[in-house]
Structure formats: C-alpha cells, structure tokens
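Q: Okay, here's the structure, questions in a sec.
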Amino acid sequence: MMSKTEEMAPPVPARDVADHPRIDERYRIEKEIGRGGMGRVFVAHDRKLGRDVAIKVLASGLHGEESLRRFEHEARATC
C-alpha cells in the first residue's frame with residue numbers, strides 16, 4: 001500500500017491536456033476519466049514510480065487562492 005503522499009500527483013497548470021500528452025516528461029496521459037465544475041481528471045502513467053495515477057487539471061479561471069484551497073482540501077479528503 002502506498003502512502004497518501006505517494007498516491008497524490010501534483011496539480012498541473014490548466015491547459016488542454018489532450019494537446020499535451022506528456023506533463024513534465026514524468027507523466028504520460030492515458031485517458032480522461034471525468035470532468036466537473038473544478039476541472040478534468042485523467043489517468044496518467046507516472047514514469048518515475050512505474051504506475052498509473054490520477055491527475056486533476058483545474059479549469060481555466062480557478063487559480064485563485066480560494067479555488068486552490070478547495071482543491072487541496074479535496075485532495076486530502078480523497079486519499
């Protein structure tokens with residue numbers, strides 16, 4: 001079992017991930033698995049850890065302090 005820290009992928013800048021299949025060369029985007037009011041969620045392969053992770057991309061305009069606080073709260077609640 002992985003620790004909570006190991007299971008959380010870092011947030012990435014808002015952009016159209018479909019046009020950027022690699023994020024920082026560490027993650028390879030596999031497919032979109034969901035979307036909602038805060039953004040989109042993708043399955044990605046973490047090349048460093050050698051396993052699949054979920055990456056959430058915040059929607060454009062949600063980079064204010066309150067949005068980031070809610071994002072961090074959600075990440076802690078799901079781990």
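Residue numbers start at 1 in each chain; chains themselves are named A, B, ... in the order of the structure tokens; ligands are numbered from 1 in the order shown.
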Just want the 10 Å neighbourhood of range 30-35 of chain A, counted on only C-alpha atoms, with same-chain residues fewer than 2 positions away dropped. Output as a VMD selection string.

A: chain A and resid 17 to 18 21 to 22 27 to 28 37 to 45 52 to 59

Q: Could those residues be written to a file, using N, CA and C atoms, as a PDB file, in the first residue's frame?

A:
ATOM      1  N   VAL A  17      -5.065  19.298 -21.775  1.00  0.00           N
ATOM      2  CA  VAL A  17      -4.132  18.186 -21.607  1.00  0.00           C
ATOM      3  C   VAL A  17      -4.124  17.282 -22.826  1.00  0.00           C
ATOM      4  N   ALA A  18      -5.237  17.193 -23.533  1.00  0.00           N
ATOM      5  CA  ALA A  18      -5.276  16.350 -24.725  1.00  0.00           C
ATOM      6  C   ALA A  18      -4.227  16.794 -25.745  1.00  0.00           C
ATOM      7  N   PRO A  21       0.227  15.373 -24.291  1.00  0.00           N
ATOM      8  CA  PRO A  21       0.157  14.022 -23.721  1.00  0.00           C
ATOM      9  C   PRO A  21       1.235  13.716 -22.687  1.00  0.00           C
ATOM     10  N   ARG A  22       2.240  14.569 -22.548  1.00  0.00           N
ATOM     11  CA  ARG A  22       3.268  14.367 -21.520  1.00  0.00           C
ATOM     12  C   ARG A  22       3.329  15.613 -20.648  1.00  0.00           C
ATOM     13  N   TYR A  27       4.889  12.281 -16.505  1.00  0.00           N
ATOM     14  CA  TYR A  27       3.573  11.661 -16.625  1.00  0.00           C
ATOM     15  C   TYR A  27       3.158  11.539 -18.086  1.00  0.00           C
ATOM     16  N   ARG A  28       2.652  10.395 -18.455  1.00  0.00           N
ATOM     17  CA  ARG A  28       2.091  10.186 -19.792  1.00  0.00           C
ATOM     18  C   ARG A  28       0.580  10.065 -19.640  1.00  0.00           C
ATOM     19  N   GLY A  37     -17.160  20.712 -12.386  1.00  0.00           N
ATOM     20  CA  GLY A  37     -17.064  22.149 -12.226  1.00  0.00           C
ATOM     21  C   GLY A  37     -15.667  22.664 -11.951  1.00  0.00           C
ATOM     22  N   MET A  38     -14.841  21.856 -11.308  1.00  0.00           N
ATOM     23  CA  MET A  38     -13.486  22.300 -10.982  1.00  0.00           C
ATOM     24  C   MET A  38     -12.471  21.962 -12.060  1.00  0.00           C
ATOM     25  N   GLY A  39     -12.771  21.024 -12.937  1.00  0.00           N
ATOM     26  CA  GLY A  39     -11.796  20.682 -13.962  1.00  0.00           C
ATOM     27  C   GLY A  39     -11.991  19.292 -14.524  1.00  0.00           C
ATOM     28  N   ARG A  40     -10.893  18.720 -15.017  1.00  0.00           N
ATOM     29  CA  ARG A  40     -10.908  17.408 -15.657  1.00  0.00           C
ATOM     30  C   ARG A  40      -9.942  16.477 -14.932  1.00  0.00           C
ATOM     31  N   VAL A  41     -10.251  15.171 -14.954  1.00  0.00           N
ATOM     32  CA  VAL A  41      -9.410  14.168 -14.296  1.00  0.00           C
ATOM     33  C   VAL A  41      -8.957  13.170 -15.353  1.00  0.00           C
ATOM     34  N   PHE A  42      -7.672  12.850 -15.315  1.00  0.00           N
ATOM     35  CA  PHE A  42      -7.067  11.949 -16.277  1.00  0.00           C
ATOM     36  C   PHE A  42      -6.352  10.806 -15.577  1.00  0.00           C
ATOM     37  N   VAL A  43      -6.300   9.665 -16.235  1.00  0.00           N
ATOM     38  CA  VAL A  43      -5.394   8.596 -15.828  1.00  0.00           C
ATOM     39  C   VAL A  43      -4.089   8.887 -16.548  1.00  0.00           C
ATOM     40  N   ALA A  44      -3.000   8.856 -15.806  1.00  0.00           N
ATOM     41  CA  ALA A  44      -1.680   9.073 -16.391  1.00  0.00           C
ATOM     42  C   ALA A  44      -0.734   8.023 -15.844  1.00  0.00           C
ATOM     43  N   HIS A  45       0.305   7.731 -16.602  1.00  0.00           N
ATOM     44  CA  HIS A  45       1.312   6.792 -16.124  1.00  0.00           C
ATOM     45  C   HIS A  45       2.482   7.597 -15.573  1.00  0.00           C
ATOM     46  N   ASP A  52       0.184   3.789 -12.596  1.00  0.00           N
ATOM     47  CA  ASP A  52      -0.825   4.753 -13.007  1.00  0.00           C
ATOM     48  C   ASP A  52      -1.257   5.615 -11.828  1.00  0.00           C
ATOM     49  N   VAL A  53      -1.554   6.883 -12.130  1.00  0.00           N
ATOM     50  CA  VAL A  53      -2.016   7.854 -11.139  1.00  0.00           C
ATOM     51  C   VAL A  53      -3.172   8.643 -11.744  1.00  0.00           C
ATOM     52  N   ALA A  54      -3.885   9.367 -10.912  1.00  0.00           N
ATOM     53  CA  ALA A  54      -4.911  10.294 -11.393  1.00  0.00           C
ATOM     54  C   ALA A  54      -4.346  11.704 -11.317  1.00  0.00           C
ATOM     55  N   ILE A  55      -4.579  12.478 -12.361  1.00  0.00           N
ATOM     56  CA  ILE A  55      -4.148  13.875 -12.393  1.00  0.00           C
ATOM     57  C   ILE A  55      -5.375  14.730 -12.651  1.00  0.00           C
ATOM     58  N   LYS A  56      -5.590  15.711 -11.790  1.00  0.00           N
ATOM     59  CA  LYS A  56      -6.710  16.631 -11.968  1.00  0.00           C
ATOM     60  C   LYS A  56      -6.165  17.956 -12.477  1.00  0.00           C
ATOM     61  N   VAL A  57      -6.767  18.457 -13.541  1.00  0.00           N
ATOM     62  CA  VAL A  57      -6.377  19.734 -14.130  1.00  0.00           C
ATOM     63  C   VAL A  57      -7.487  20.729 -13.838  1.00  0.00           C
ATOM     64  N   LEU A  58      -7.146  21.785 -13.115  1.00  0.00           N
ATOM     65  CA  LEU A  58      -8.145  22.791 -12.779  1.00  0.00           C
ATOM     66  C   LEU A  58      -8.611  23.525 -14.025  1.00  0.00           C
ATOM     67  N   ALA A  59      -9.892  23.849 -14.063  1.00  0.00           N
ATOM     68  CA  ALA A  59     -10.466  24.608 -15.172  1.00  0.00           C
ATOM     69  C   ALA A  59      -9.862  26.006 -15.207  1.00  0.00           C
TER      70      ALA A  59
END

Q: Which value, in Å to one decimal, gives the distance between CA of Arg69 in chain A and CA of Asp24 in chain A?

A: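 Rounded to one decimal, the two atoms are 23.4 Å apart.
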